[in-house]
>>> print(open('input_26.pdb').read())   # PDB, C-alpha atoms, pLDDT in the B column
ATOM      1  CA  MET A   1     120.145  39.252-239.183  1.00 48.00           C
ATOM      2  CA  THR A   2     123.798  38.267-238.772  1.00 57.00           C
ATOM      3  CA  GLY A   3     125.707  38.617-235.519  1.00 56.00           C
ATOM      4  CA  THR A   4     127.876  41.230-237.197  1.00 62.00           C
ATOM      5  CA  GLY A   5     124.789  43.238-238.125  1.00 89.00           C
ATOM      6  CA  VAL A   6     123.539  43.182-234.551  1.00 93.00           C
ATOM      7  CA  ARG A   7     126.929  44.236-233.200  1.00 92.00           C
ATOM      8  CA  GLU A   8     127.076  47.166-235.614  1.00 92.00           C
ATOM      9  CA  ARG A   9     123.616  48.337-234.613  1.00 94.00           C
ATOM     10  CA  LEU A  10     124.521  48.158-230.933  1.00 96.00           C
ATOM     11  CA  VAL A  11     127.681  50.197-231.527  1.00 94.00           C
ATOM     12  CA  ASP A  12     125.799  52.857-233.483  1.00 94.00           C
ATOM     13  CA  ALA A  13     123.124  53.001-230.769  1.00 96.00           C
ATOM     14  CA  ALA A  14     125.687  53.406-227.994  1.00 96.00           C
ATOM     15  CA  PHE A  15     127.529  56.209-229.795  1.00 95.00           C
ATOM     16  CA  GLU A  16     124.272  58.041-230.468  1.00 95.00           C
ATOM     17  CA  LEU A  17     123.015  57.749-226.891  1.00 96.00           C
ATOM     18  CA  PHE A  18     126.314  58.722-225.285  1.00 94.00           C
ATOM     19  CA  ASP A  19     126.221  61.889-227.419  1.00 93.00           C
ATOM     20  CA  GLU A  20     122.545  62.624-226.772  1.00 94.00           C
ATOM     21  CA  ARG A  21     122.161  61.756-223.090  1.00 94.00           C
ATOM     22  CA  GLY A  22     125.678  61.368-221.751  1.00 93.00           C
ATOM     23  CA  TYR A  23     127.493  58.225-220.712  1.00 93.00           C
ATOM     24  CA  GLU A  24     126.239  58.081-217.121  1.00 93.00           C
ATOM     25  CA  GLN A  25     122.624  58.653-218.138  1.00 96.00           C
ATOM     26  CA  THR A  26     122.649  55.882-220.740  1.00 96.00           C
ATOM     27  CA  THR A  27     121.793  52.365-219.595  1.00 96.00           C
ATOM     28  CA  VAL A  28     122.302  48.979-221.182  1.00 96.00           C
ATOM     29  CA  ASP A  29     118.556  48.773-221.719  1.00 97.00           C
ATOM     30  CA  ASP A  30     118.606  52.125-223.516  1.00 97.00           C
ATOM     31  CA  ILE A  31     121.252  50.853-225.928  1.00 97.00           C
ATOM     32  CA  ALA A  32     119.397  47.598-226.548  1.00 97.00           C
ATOM     33  CA  ASP A  33     116.117  49.445-227.138  1.00 97.00           C
ATOM     34  CA  ARG A  34     117.703  51.920-229.570  1.00 96.00           C
ATOM     35  CA  ALA A  35     119.268  49.004-231.477  1.00 96.00           C
ATOM     36  CA  GLY A  36     115.963  47.128-231.542  1.00 96.00           C
ATOM     37  CA  VAL A  37     117.215  44.079-229.640  1.00 95.00           C
ATOM     38  CA  GLY A  38     116.766  42.643-226.172  1.00 95.00           C
ATOM     39  CA  ARG A  39     119.053  43.052-223.174  1.00 95.00           C
ATOM     40  CA  THR A  40     120.073  39.388-223.434  1.00 95.00           C
ATOM     41  CA  THR A  41     121.179  39.903-227.027  1.00 95.00           C
ATOM     42  CA  LEU A  42     123.380  42.813-226.013  1.00 96.00           C
ATOM     43  CA  PHE A  43     125.110  40.754-223.337  1.00 95.00           C
ATOM     44  CA  ARG A  44     125.597  37.941-225.835  1.00 94.00           C
ATOM     45  CA  HIS A  45     127.904  40.256-227.744  1.00 93.00           C
ATOM     46  CA  TYR A  46     129.282  42.639-225.095  1.00 94.00           C
ATOM     47  CA  ARG A  47     130.047  42.449-221.388  1.00 92.00           C
ATOM     48  CA  SER A  48     129.103  46.028-220.512  1.00 91.00           C
ATOM     49  CA  LYS A  49     127.914  49.282-222.048  1.00 92.00           C
ATOM     50  CA  GLU A  50     131.437  50.642-222.455  1.00 91.00           C
ATOM     51  CA  ASP A  51     132.488  47.446-224.221  1.00 93.00           C
ATOM     52  CA  VAL A  52     130.030  48.292-226.972  1.00 94.00           C
ATOM     53  CA  ILE A  53     132.009  51.246-228.322  1.00 93.00           C
ATOM     54  CA  PHE A  54     135.553  49.907-227.899  1.00 93.00           C
ATOM     55  CA  PRO A  55     137.426  47.795-230.441  1.00 89.00           C
ATOM     56  CA  ASP A  56     137.557  44.063-229.817  1.00 89.00           C
ATOM     57  CA  HIS A  57     140.866  44.300-227.968  1.00 93.00           C
ATOM     58  CA  ASP A  58     140.836  40.594-227.135  1.00 92.00           C
ATOM     59  CA  ARG A  59     140.843  39.769-230.836  1.00 93.00           C
ATOM     60  CA  LEU A  60     143.427  42.438-231.638  1.00 95.00           C
ATOM     61  CA  ILE A  61     145.768  41.270-228.892  1.00 97.00           C
ATOM     62  CA  ALA A  62     145.390  37.693-230.094  1.00 97.00           C
ATOM     63  CA  ALA A  63     146.356  38.832-233.606  1.00 96.00           C
ATOM     64  CA  VAL A  64     149.397  40.685-232.232  1.00 97.00           C
ATOM     65  CA  ARG A  65     150.402  37.664-230.178  1.00 97.00           C
ATOM     66  CA  ASP A  66     150.057  35.378-233.204  1.00 96.00           C
ATOM     67  CA  ARG A  67     152.253  37.667-235.325  1.00 95.00           C
ATOM     68  CA  LEU A  68     154.927  37.848-232.646  1.00 96.00           C
ATOM     69  CA  ALA A  69     154.835  34.063-232.205  1.00 94.00           C
ATOM     70  CA  THR A  70     155.816  33.515-235.852  1.00 92.00           C
ATOM     71  CA  SER A  71     159.086  35.409-235.451  1.00 90.00           C
ATOM     72  CA  THR A  72     162.571  34.027-235.063  1.00 86.00           C
ATOM     73  CA  ALA A  73     165.520  35.533-233.224  1.00 78.00           C
ATOM     74  CA  GLY A  74     166.555  37.258-236.439  1.00 81.00           C
ATOM     75  CA  SER A  75     163.112  38.627-237.300  1.00 88.00           C
ATOM     76  CA  ALA A  76     161.915  39.731-233.846  1.00 90.00           C
ATOM     77  CA  LEU A  77     162.172  43.459-234.603  1.00 89.00           C
ATOM     78  CA  VAL A  78     160.307  43.061-237.882  1.00 91.00           C
ATOM     79  CA  ALA A  79     157.594  41.132-236.024  1.00 93.00           C
ATOM     80  CA  VAL A  80     157.201  43.956-233.493  1.00 95.00           C
ATOM     81  CA  VAL A  81     156.869  46.564-236.250  1.00 94.00           C
ATOM     82  CA  GLU A  82     154.330  44.515-238.196  1.00 95.00           C
ATOM     83  CA  ALA A  83     152.358  43.712-235.035  1.00 96.00           C
ATOM     84  CA  VAL A  84     152.104  47.414-234.222  1.00 97.00           C
ATOM     85  CA  ARG A  85     150.917  48.087-237.766  1.00 96.00           C
ATOM     86  CA  LEU A  86     148.113  45.550-237.299  1.00 96.00           C
ATOM     87  CA  VAL A  87     146.696  47.637-234.472  1.00 97.00           C
ATOM     88  CA  LEU A  88     147.032  50.957-236.309  1.00 97.00           C
ATOM     89  CA  LEU A  89     145.409  49.571-239.453  1.00 97.00           C
ATOM     90  CA  HIS A  90     142.446  48.337-237.420  1.00 96.00           C
ATOM     91  CA  TYR A  91     141.767  51.880-236.205  1.00 97.00           C
ATOM     92  CA  ILE A  92     142.196  53.264-239.713  1.00 97.00           C
ATOM     93  CA  GLU A  93     139.661  50.750-241.024  1.00 96.00           C
ATOM     94  CA  GLU A  94     137.193  51.982-238.413  1.00 94.00           C
ATOM     95  CA  ALA A  95     137.543  55.487-239.900  1.00 93.00           C
ATOM     96  CA  ASP A  96     135.017  57.954-238.417  1.00 93.00           C
ATOM     97  CA  ARG A  97     133.965  55.498-235.721  1.00 94.00           C
ATOM     98  CA  ALA A  98     137.496  55.590-234.297  1.00 96.00           C
ATOM     99  CA  ARG A  99     137.421  59.381-234.301  1.00 96.00           C
ATOM    100  CA  HIS A 100     134.027  59.396-232.619  1.00 95.00           C
ATOM    101  CA  ARG A 101     135.380  57.124-229.881  1.00 95.00           C
ATOM    102  CA  TYR A 102     138.388  59.413-229.468  1.00 96.00           C
ATOM    103  CA  ALA A 103     136.065  62.366-228.918  1.00 95.00           C
ATOM    104  CA  LEU A 104     134.084  60.437-226.301  1.00 94.00           C
ATOM    105  CA  THR A 105     137.120  59.150-224.405  1.00 94.00           C
ATOM    106  CA  SER A 106     138.583  62.656-224.381  1.00 93.00           C
ATOM    107  CA  ARG A 107     135.670  63.961-222.340  1.00 91.00           C
ATOM    108  CA  ILE A 108     134.408  60.928-220.374  1.00 92.00           C
ATOM    109  CA  ALA A 109     136.802  59.889-217.610  1.00 93.00           C
ATOM    110  CA  VAL A 110     135.586  56.317-217.186  1.00 92.00           C
ATOM    111  CA  LEU A 111     136.025  55.634-220.900  1.00 93.00           C
ATOM    112  CA  ARG A 112     139.449  57.260-220.851  1.00 94.00           C
ATOM    113  CA  ASP A 113     140.460  55.005-217.947  1.00 94.00           C
ATOM    114  CA  ARG A 114     139.229  51.997-219.879  1.00 93.00           C
ATOM    115  CA  GLU A 115     141.341  52.995-222.867  1.00 94.00           C
ATOM    116  CA  ILE A 116     144.429  53.429-220.660  1.00 95.00           C
ATOM    117  CA  ALA A 117     143.888  49.939-219.247  1.00 95.00           C
ATOM    118  CA  SER A 118     143.710  48.542-222.780  1.00 95.00           C
ATOM    119  CA  VAL A 119     146.966  50.273-223.719  1.00 96.00           C
ATOM    120  CA  ALA A 120     148.622  48.634-220.710  1.00 96.00           C
ATOM    121  CA  ARG A 121     147.629  45.211-222.035  1.00 96.00           C
ATOM    122  CA  TYR A 122     149.455  45.853-225.325  1.00 97.00           C
ATOM    123  CA  GLN A 123     152.503  47.180-223.526  1.00 97.00           C
ATOM    124  CA  ARG A 124     152.634  44.121-221.285  1.00 97.00           C
ATOM    125  CA  LEU A 125     152.439  41.823-224.315  1.00 97.00           C
ATOM    126  CA  PHE A 126     155.300  43.606-226.084  1.00 97.00           C
ATOM    127  CA  ARG A 127     157.355  43.693-222.879  1.00 96.00           C
ATOM    128  CA  GLU A 128     156.992  39.944-222.367  1.00 95.00           C
ATOM    129  CA  PHE A 129     157.880  39.234-225.994  1.00 95.00           C
ATOM    130  CA  ILE A 130     160.927  41.509-225.975  1.00 93.00           C
ATOM    131  CA  ALA A 131     162.129  40.184-222.615  1.00 92.00           C
ATOM    132  CA  GLY A 132     161.864  36.645-223.959  1.00 91.00           C
ATOM    133  CA  ARG A 133     164.257  37.526-226.785  1.00 87.00           C
ATOM    134  CA  MET A 134     166.889  39.044-224.473  1.00 83.00           C
ATOM    135  CA  ALA A 135     169.747  37.431-222.642  1.00 79.00           C
ATOM    136  CA  PRO A 136     168.978  36.841-218.937  1.00 81.00           C
ATOM    137  CA  GLU A 137     170.956  39.796-217.625  1.00 83.00           C
ATOM    138  CA  PRO A 138     170.133  42.161-214.724  1.00 81.00           C
ATOM    139  CA  ALA A 139     169.415  45.073-217.055  1.00 85.00           C
ATOM    140  CA  SER A 140     167.221  43.085-219.460  1.00 88.00           C
ATOM    141  CA  ALA A 141     163.953  43.531-217.579  1.00 91.00           C
ATOM    142  CA  LEU A 142     164.274  47.323-217.532  1.00 93.00           C
ATOM    143  CA  ARG A 143     165.403  47.412-221.157  1.00 91.00           C
ATOM    144  CA  ALA A 144     162.385  45.348-222.205  1.00 93.00           C
ATOM    145  CA  GLU A 145     160.060  47.615-220.236  1.00 95.00           C
ATOM    146  CA  LEU A 146     161.539  50.749-221.793  1.00 95.00           C
ATOM    147  CA  MET A 147     161.402  49.366-225.321  1.00 95.00           C
ATOM    148  CA  ALA A 148     157.805  48.173-224.930  1.00 96.00           C
ATOM    149  CA  ALA A 149     156.816  51.610-223.625  1.00 97.00           C
ATOM    150  CA  ALA A 150     158.548  53.250-226.595  1.00 97.00           C
ATOM    151  CA  VAL A 151     156.804  50.940-229.066  1.00 97.00           C
ATOM    152  CA  VAL A 152     153.369  51.712-227.628  1.00 97.00           C
ATOM    153  CA  SER A 153     154.127  55.432-227.349  1.00 97.00           C
ATOM    154  CA  ALA A 154     155.197  55.588-230.993  1.00 97.00           C
ATOM    155  CA  HIS A 155     151.998  53.879-232.083  1.00 98.00           C
ATOM    156  CA  ASN A 156     149.793  56.115-229.938  1.00 97.00           C
ATOM    157  CA  HIS A 157     151.549  59.274-231.105  1.00 98.00           C
ATOM    158  CA  VAL A 158     150.854  58.433-234.746  1.00 98.00           C
ATOM    159  CA  LEU A 159     147.328  57.205-233.989  1.00 98.00           C
ATOM    160  CA  ARG A 160     146.443  60.461-232.211  1.00 97.00           C
ATOM    161  CA  ARG A 161     147.794  62.487-235.131  1.00 98.00           C
ATOM    162  CA  TRP A 162     145.580  60.510-237.501  1.00 98.00           C
ATOM    163  CA  LEU A 163     142.557  60.814-235.211  1.00 97.00           C
ATOM    164  CA  ARG A 164     143.035  64.597-235.122  1.00 97.00           C
ATOM    165  CA  ARG A 165     143.471  64.616-238.922  1.00 97.00           C
ATOM    166  CA  ASP A 166     147.016  65.908-238.581  1.00 97.00           C
ATOM    167  CA  THR A 167     148.338  63.277-240.977  1.00 96.00           C
ATOM    168  CA  ALA A 168     147.035  61.620-244.122  1.00 95.00           C
ATOM    169  CA  GLU A 169     149.774  58.963-244.121  1.00 96.00           C
ATOM    170  CA  PRO A 170     149.620  57.279-240.706  1.00 97.00           C
ATOM    171  CA  ALA A 171     151.160  53.999-241.879  1.00 95.00           C
ATOM    172  CA  ALA A 172     154.169  55.807-243.325  1.00 95.00           C
ATOM    173  CA  GLU A 173     154.534  57.873-240.152  1.00 96.00           C
ATOM    174  CA  LEU A 174     154.378  54.739-238.042  1.00 97.00           C
ATOM    175  CA  ASP A 175     157.167  53.157-240.084  1.00 94.00           C
ATOM    176  CA  ALA A 176     159.319  56.230-239.500  1.00 95.00           C
ATOM    177  CA  ALA A 177     158.452  56.324-235.790  1.00 96.00           C
ATOM    178  CA  MET A 178     159.290  52.653-235.331  1.00 95.00           C
ATOM    179  CA  ALA A 179     162.592  53.169-237.142  1.00 93.00           C
ATOM    180  CA  GLN A 180     163.438  55.748-234.486  1.00 93.00           C
ATOM    181  CA  VAL A 181     162.420  53.394-231.688  1.00 94.00           C
ATOM    182  CA  ILE A 182     164.589  50.607-233.081  1.00 90.00           C
ATOM    183  CA  ALA A 183     167.512  52.999-233.509  1.00 89.00           C
ATOM    184  CA  LEU A 184     167.218  53.940-229.833  1.00 88.00           C
ATOM    185  CA  PHE A 185     167.473  50.333-228.721  1.00 81.00           C
ATOM    186  CA  THR A 186     169.929  48.880-231.219  1.00 72.00           C
ATOM    187  CA  GLU A 187     172.730  47.180-229.351  1.00 56.00           C
ATOM    188  CA  PRO A 188     175.954  49.239-229.299  1.00 52.00           C
ATOM    189  CA  GLY A 189     177.895  46.357-230.845  1.00 47.00           C
ATOM    190  CA  THR A 190     175.653  46.121-233.903  1.00 47.00           C
ATOM    191  CA  PRO A 191     177.588  46.800-237.121  1.00 42.00           C
ATOM    192  CA  PRO A 192     176.616  50.327-238.125  1.00 36.00           C
ATOM    193  CA  GLY A 193     177.016  49.999-241.885  1.00 38.00           C
ATOM    194  CA  ASP A 194     177.827  52.988-244.076  1.00 40.00           C
ATOM    195  CA  GLY A 195     175.652  55.500-242.253  1.00 42.00           C
ATOM    196  CA  GLY A 196     175.063  53.798-238.923  1.00 44.00           C
ATOM    197  CA  SER A 197     171.347  53.201-239.580  1.00 44.00           C
ATOM    198  CA  THR A 198     169.273  50.034-239.497  1.00 44.00           C
ATOM    199  CA  VAL A 199     166.726  49.641-242.293  1.00 45.00           C
ATOM    200  CA  LEU A 200     163.858  47.157-242.008  1.00 45.00           C
ATOM    201  CA  VAL A 201     162.178  46.111-245.243  1.00 42.00           C
ATOM    202  CA  LEU A 202     158.560  45.103-244.596  1.00 43.00           C
ATOM    203  CA  HIS A 203     155.828  43.759-246.812  1.00 43.00           C
ATOM    204  CA  ASP A 204     154.136  46.881-248.129  1.00 46.00           C
ATOM    205  CA  ARG A 205     151.472  47.337-250.796  1.00 49.00           C
ATOM    206  CA  ARG A 206     152.258  50.992-251.402  1.00 50.00           C
ATOM    207  CA  ASP A 207     154.085  52.254-254.462  1.00 54.00           C
ATOM    208  CA  PRO A 208     157.860  51.542-254.132  1.00 50.00           C
ATOM    209  CA  GLU A 209     158.630  55.240-254.526  1.00 55.00           C
ATOM    210  CA  VAL A 210     156.397  56.040-251.555  1.00 56.00           C
ATOM    211  CA  VAL A 211     158.122  53.373-249.465  1.00 50.00           C
ATOM    212  CA  ALA A 212     161.537  54.673-250.491  1.00 52.00           C
ATOM    213  CA  ALA A 213     160.542  58.212-249.542  1.00 56.00           C
ATOM    214  CA  THR A 214     159.363  56.978-246.145  1.00 56.00           C
ATOM    215  CA  ILE A 215     162.687  55.232-245.531  1.00 50.00           C
ATOM    216  CA  ARG A 216     164.613  58.348-246.552  1.00 53.00           C
ATOM    217  CA  ARG A 217     162.648  60.481-244.099  1.00 56.00           C
ATOM    218  CA  ALA A 218     163.236  57.949-241.317  1.00 51.00           C
ATOM    219  CA  LEU A 219     166.972  57.910-241.968  1.00 47.00           C
ATOM    220  CA  GLN A 220     167.139  61.712-242.038  1.00 50.00           C
ATOM    221  CA  GLN A 221     165.396  61.873-238.650  1.00 50.00           C
ATOM    222  CA  ALA A 222     167.512  59.113-237.054  1.00 45.00           C
TER     223      ALA A 222
END
>>> encode(input="input_26.pdb", output="structure tokens")
Amino acid sequence: MTGTGVRERLVDAAFELFDERGYEQTTVDDIADRAGVGRTTLFRHYRSKEDVIFPDHDRLIAAVRDRLATSTAGSALVAVVEAVRLVLLHYIEEADRARHRYALTSRIAVLRDREIASVARYQRLFREFIAGRMAPEPASALRAELMAAAVVSAHNHVLRRWLRRDTAEPAAELDAAMAQVIALFTEPGTPPGDGGSTVLVLHDRRDPEVVAATIRRALQQA
């Protein structure tokens, strides 16, 4: 059996047991037994029982960091938007598993705290990247902090809407949300153009008409 197969079985076992017995009542040994593996095997893949049900944030953060690292001064904003999309698309690919986790973290405090700590890691990464692209001025640190918080908040707002099934187009909503974030933090001296809006054109596999409609909605809301 592949390592991926074992990991999937452990995740399924943890979700089932947390639902059946409760988080506190479920042990690492319980999860390993339900998955049909030994305790050592579980710890080969995960550091703790809560790790089993969470996304591989280390890998996701590495992917975000790699995307940001490829940017130039002129493409920094595009890099931030595309990096945020990487995270959202990961959750979408998880589908019902992501929604199951959302239900668990909503009612189990220790899991909710773990999720909040993970969010802080993403915000810190964006803050450091944004600060590194700013001139060394007294207000830059606060500006970077505020923009990073806005980026993460926009992502989480759209993610929660998708998790609650309030939207069927989370990627399009994220594009619109990030357009608003960028509009909030565009430097006052930036040439406004005809309508005073900044449009970012990203690589997108959707139909061009869908992309155009998304951009129109973002501009109308700006």
>>> residues_near_point(input="input_26.pdb", point="(166.0, 45.7, -223.4)", cutoff="10 Å", atoms="all atoms listed in the file", output="list in words")
Arg127, Ile130, Ala131, Gly132, Arg133, Met134, Ala135, Glu137, Ala139, Ser140, Ala141, Leu142, Arg143, Ala144, Glu145, Leu146, Met147, Ala148, Phe185, Thr186 and Glu187 of chain A
>>> closest_residue(input="input_26.pdb", among="A:Val6, A:Glu94, A:Val11, A:Val64", to="Arg44 in chain A", atoms="all atoms listed in the file")
A:Val6
>>> atom_distance(input="input_26.pdb", atom1="CA of Ala183 in chain A", atom2="CA of His57 in chain A")
28.6 Å
>>> residues_around(input="input_26.pdb", residues="range 72-88 of chain A", least_positions_apart="3", cutoff="10 Å", atoms="only C-alpha atoms", output="PyMOL selection string")
chain A and resi 57+60-61+63-69+91-93+122+126+129-130+133-134+148+151-152+154-156+158-159+162+170-171+174-175+177-179+181-182+200-203
>>> atom_distance(input="input_26.pdb", atom1="CA of Asp30 in chain A", atom2="CA of Arg107 in chain A")
20.8 Å
>>> atom_distance(input="input_26.pdb", atom1="CA of Lys49 in chain A", atom2="CA of Arg160 in chain A")
23.9 Å
>>> axis_aligned_box(input="input_26.pdb", around="range 135-146 of chain A", padding_each_side="4 Å", output="JSON")
{"center_x": 165.5, "center_y": 43.8, "center_z": -218.7, "size_x": 18.9, "size_y": 21.9, "size_z": 15.9}
>>> closest_residue(input="input_26.pdb", among="A:Ala95, A:Val28, A:Ala168, A:Ala150", to="Gln123 in chain A", atoms="all atoms listed in the file")
A:Ala150
>>> resolve_selection(input="input_26.pdb", expression="the PyMOL selection byres ((chain A and resi 14-19) around 8)", output="PDB file with C-alpha atoms, in the frame of the given file")
ATOM      1  CA  LEU A  10     124.521  48.158-230.933  1.00 96.00           C
ATOM      2  CA  VAL A  11     127.681  50.197-231.527  1.00 94.00           C
ATOM      3  CA  ASP A  12     125.799  52.857-233.483  1.00 94.00           C
ATOM      4  CA  ALA A  13     123.124  53.001-230.769  1.00 96.00           C
ATOM      5  CA  GLU A  20     122.545  62.624-226.772  1.00 94.00           C
ATOM      6  CA  ARG A  21     122.161  61.756-223.090  1.00 94.00           C
ATOM      7  CA  GLY A  22     125.678  61.368-221.751  1.00 93.00           C
ATOM      8  CA  TYR A  23     127.493  58.225-220.712  1.00 93.00           C
ATOM      9  CA  THR A  26     122.649  55.882-220.740  1.00 96.00           C
ATOM     10  CA  ASP A  30     118.606  52.125-223.516  1.00 97.00           C
ATOM     11  CA  ILE A  31     121.252  50.853-225.928  1.00 97.00           C
ATOM     12  CA  LYS A  49     127.914  49.282-222.048  1.00 92.00           C
ATOM     13  CA  VAL A  52     130.030  48.292-226.972  1.00 94.00           C
ATOM     14  CA  ILE A  53     132.009  51.246-228.322  1.00 93.00           C
ATOM     15  CA  HIS A 100     134.027  59.396-232.619  1.00 95.00           C
ATOM     16  CA  ARG A 101     135.380  57.124-229.881  1.00 95.00           C
TER      17      ARG A 101
END
>>> residues_around(input="input_26.pdb", residues="Val110 in chain A", least_positions_apart="6", cutoff="12 Å", atoms="only C-alpha atoms", output="PDB file with C-alpha atoms, in the frame of the given file")
ATOM      1  CA  TYR A  23     127.493  58.225-220.712  1.00 93.00           C
ATOM      2  CA  GLU A  24     126.239  58.081-217.121  1.00 93.00           C
ATOM      3  CA  LYS A  49     127.914  49.282-222.048  1.00 92.00           C
ATOM      4  CA  GLU A  50     131.437  50.642-222.455  1.00 91.00           C
ATOM      5  CA  ASP A  51     132.488  47.446-224.221  1.00 93.00           C
ATOM      6  CA  LEU A 104     134.084  60.437-226.301  1.00 94.00           C
ATOM      7  CA  ILE A 116     144.429  53.429-220.660  1.00 95.00           C
ATOM      8  CA  ALA A 117     143.888  49.939-219.247  1.00 95.00           C
TER       9      ALA A 117
END
>>> resolve_selection(input="input_26.pdb", expression="the PyMOL selection byres ((chain A and resi 37) around 12)", output="list in words")
Met1, Gly3, Gly5, Val6, Arg7, Glu8, Arg9, Leu10, Ala13, Val28, Asp29, Asp30, Ile31, Ala32, Asp33, Arg34, Ala35, Gly36, Gly38, Arg39, Thr40, Thr41, Leu42, Phe43, Arg44 and His45 of chain A
>>> build_atoms(input="input_26.pdb", residues="range 162-168 of chain A", atoms="all heavy atoms", output="PDB file, in the coordinates of the input")
ATOM      1  N   TRP A 162     146.572  60.881-236.488  1.00 98.00           N
ATOM      2  CA  TRP A 162     145.580  60.510-237.501  1.00 98.00           C
ATOM      3  C   TRP A 162     144.159  60.824-237.015  1.00 98.00           C
ATOM      4  O   TRP A 162     143.344  61.351-237.775  1.00 98.00           O
ATOM      5  CB  TRP A 162     145.704  59.023-237.830  1.00 98.00           C
ATOM      6  CG  TRP A 162     144.635  58.565-238.775  1.00 98.00           C
ATOM      7  CD1 TRP A 162     144.576  58.788-240.136  1.00 98.00           C
ATOM      8  CD2 TRP A 162     143.437  57.864-238.435  1.00 98.00           C
ATOM      9  NE1 TRP A 162     143.422  58.251-240.652  1.00 98.00           N
ATOM     10  CE2 TRP A 162     142.708  57.665-239.632  1.00 98.00           C
ATOM     11  CE3 TRP A 162     142.935  57.360-237.244  1.00 98.00           C
ATOM     12  CZ2 TRP A 162     141.486  57.001-239.659  1.00 98.00           C
ATOM     13  CZ3 TRP A 162     141.720  56.687-237.263  1.00 98.00           C
ATOM     14  CH2 TRP A 162     141.001  56.517-238.460  1.00 98.00           C
ATOM     15  N   LEU A 163     143.885  60.548-235.759  1.00 97.00           N
ATOM     16  CA  LEU A 163     142.557  60.814-235.211  1.00 97.00           C
ATOM     17  C   LEU A 163     142.220  62.308-235.267  1.00 97.00           C
ATOM     18  O   LEU A 163     141.069  62.677-235.495  1.00 97.00           O
ATOM     19  CB  LEU A 163     142.469  60.313-233.766  1.00 97.00           C
ATOM     20  CG  LEU A 163     142.471  58.788-233.579  1.00 97.00           C
ATOM     21  CD1 LEU A 163     142.653  58.435-232.106  1.00 97.00           C
ATOM     22  CD2 LEU A 163     141.172  58.169-234.106  1.00 97.00           C
ATOM     23  N   ARG A 164     143.246  63.146-235.075  1.00 97.00           N
ATOM     24  CA  ARG A 164     143.035  64.597-235.122  1.00 97.00           C
ATOM     25  C   ARG A 164     143.132  65.155-236.545  1.00 97.00           C
ATOM     26  O   ARG A 164     143.079  66.357-236.748  1.00 97.00           O
ATOM     27  CB  ARG A 164     144.068  65.298-234.229  1.00 97.00           C
ATOM     28  CG  ARG A 164     143.930  64.989-232.748  1.00 97.00           C
ATOM     29  CD  ARG A 164     144.788  65.926-231.925  1.00 97.00           C
ATOM     30  NE  ARG A 164     146.198  65.800-232.224  1.00 97.00           N
ATOM     31  CZ  ARG A 164     147.089  65.143-231.462  1.00 97.00           C
ATOM     32  NH1 ARG A 164     146.676  64.547-230.348  1.00 97.00           N
ATOM     33  NH2 ARG A 164     148.348  65.083-231.810  1.00 97.00           N
ATOM     34  N   ARG A 165     143.328  64.249-237.510  1.00 97.00           N
ATOM     35  CA  ARG A 165     143.471  64.616-238.922  1.00 97.00           C
ATOM     36  C   ARG A 165     144.721  65.464-239.173  1.00 97.00           C
ATOM     37  O   ARG A 165     144.751  66.331-240.055  1.00 97.00           O
ATOM     38  CB  ARG A 165     142.219  65.354-239.434  1.00 97.00           C
ATOM     39  CG  ARG A 165     140.923  64.551-239.287  1.00 97.00           C
ATOM     40  CD  ARG A 165     139.724  65.303-239.849  1.00 97.00           C
ATOM     41  NE  ARG A 165     138.475  64.641-239.531  1.00 97.00           N
ATOM     42  CZ  ARG A 165     137.948  63.616-240.215  1.00 97.00           C
ATOM     43  NH1 ARG A 165     138.587  63.147-241.265  1.00 97.00           N
ATOM     44  NH2 ARG A 165     136.795  63.073-239.846  1.00 97.00           N
ATOM     45  N   ASP A 166     145.750  65.200-238.394  1.00 97.00           N
ATOM     46  CA  ASP A 166     147.016  65.908-238.581  1.00 97.00           C
ATOM     47  C   ASP A 166     147.930  65.198-239.574  1.00 97.00           C
ATOM     48  O   ASP A 166     148.986  65.733-239.934  1.00 97.00           O
ATOM     49  CB  ASP A 166     147.756  66.050-237.241  1.00 97.00           C
ATOM     50  CG  ASP A 166     147.037  66.990-236.289  1.00 97.00           C
ATOM     51  OD1 ASP A 166     146.288  67.859-236.778  1.00 97.00           O
ATOM     52  OD2 ASP A 166     147.213  66.854-235.068  1.00 97.00           O
ATOM     53  N   THR A 167     147.546  64.005-239.991  1.00 96.00           N
ATOM     54  CA  THR A 167     148.338  63.277-240.977  1.00 96.00           C
ATOM     55  C   THR A 167     147.412  62.479-241.883  1.00 96.00           C
ATOM     56  O   THR A 167     146.388  61.955-241.423  1.00 96.00           O
ATOM     57  CB  THR A 167     149.354  62.321-240.324  1.00 96.00           C
ATOM     58  OG1 THR A 167     150.051  61.593-241.361  1.00 96.00           O
ATOM     59  CG2 THR A 167     148.664  61.305-239.409  1.00 96.00           C
ATOM     60  N   ALA A 168     147.784  62.422-243.158  1.00 95.00           N
ATOM     61  CA  ALA A 168     147.035  61.620-244.122  1.00 95.00           C
ATOM     62  C   ALA A 168     147.777  60.333-244.452  1.00 95.00           C
ATOM     63  O   ALA A 168     147.291  59.508-245.221  1.00 95.00           O
ATOM     64  CB  ALA A 168     146.801  62.425-245.400  1.00 95.00           C
TER      65      ALA A 168
END
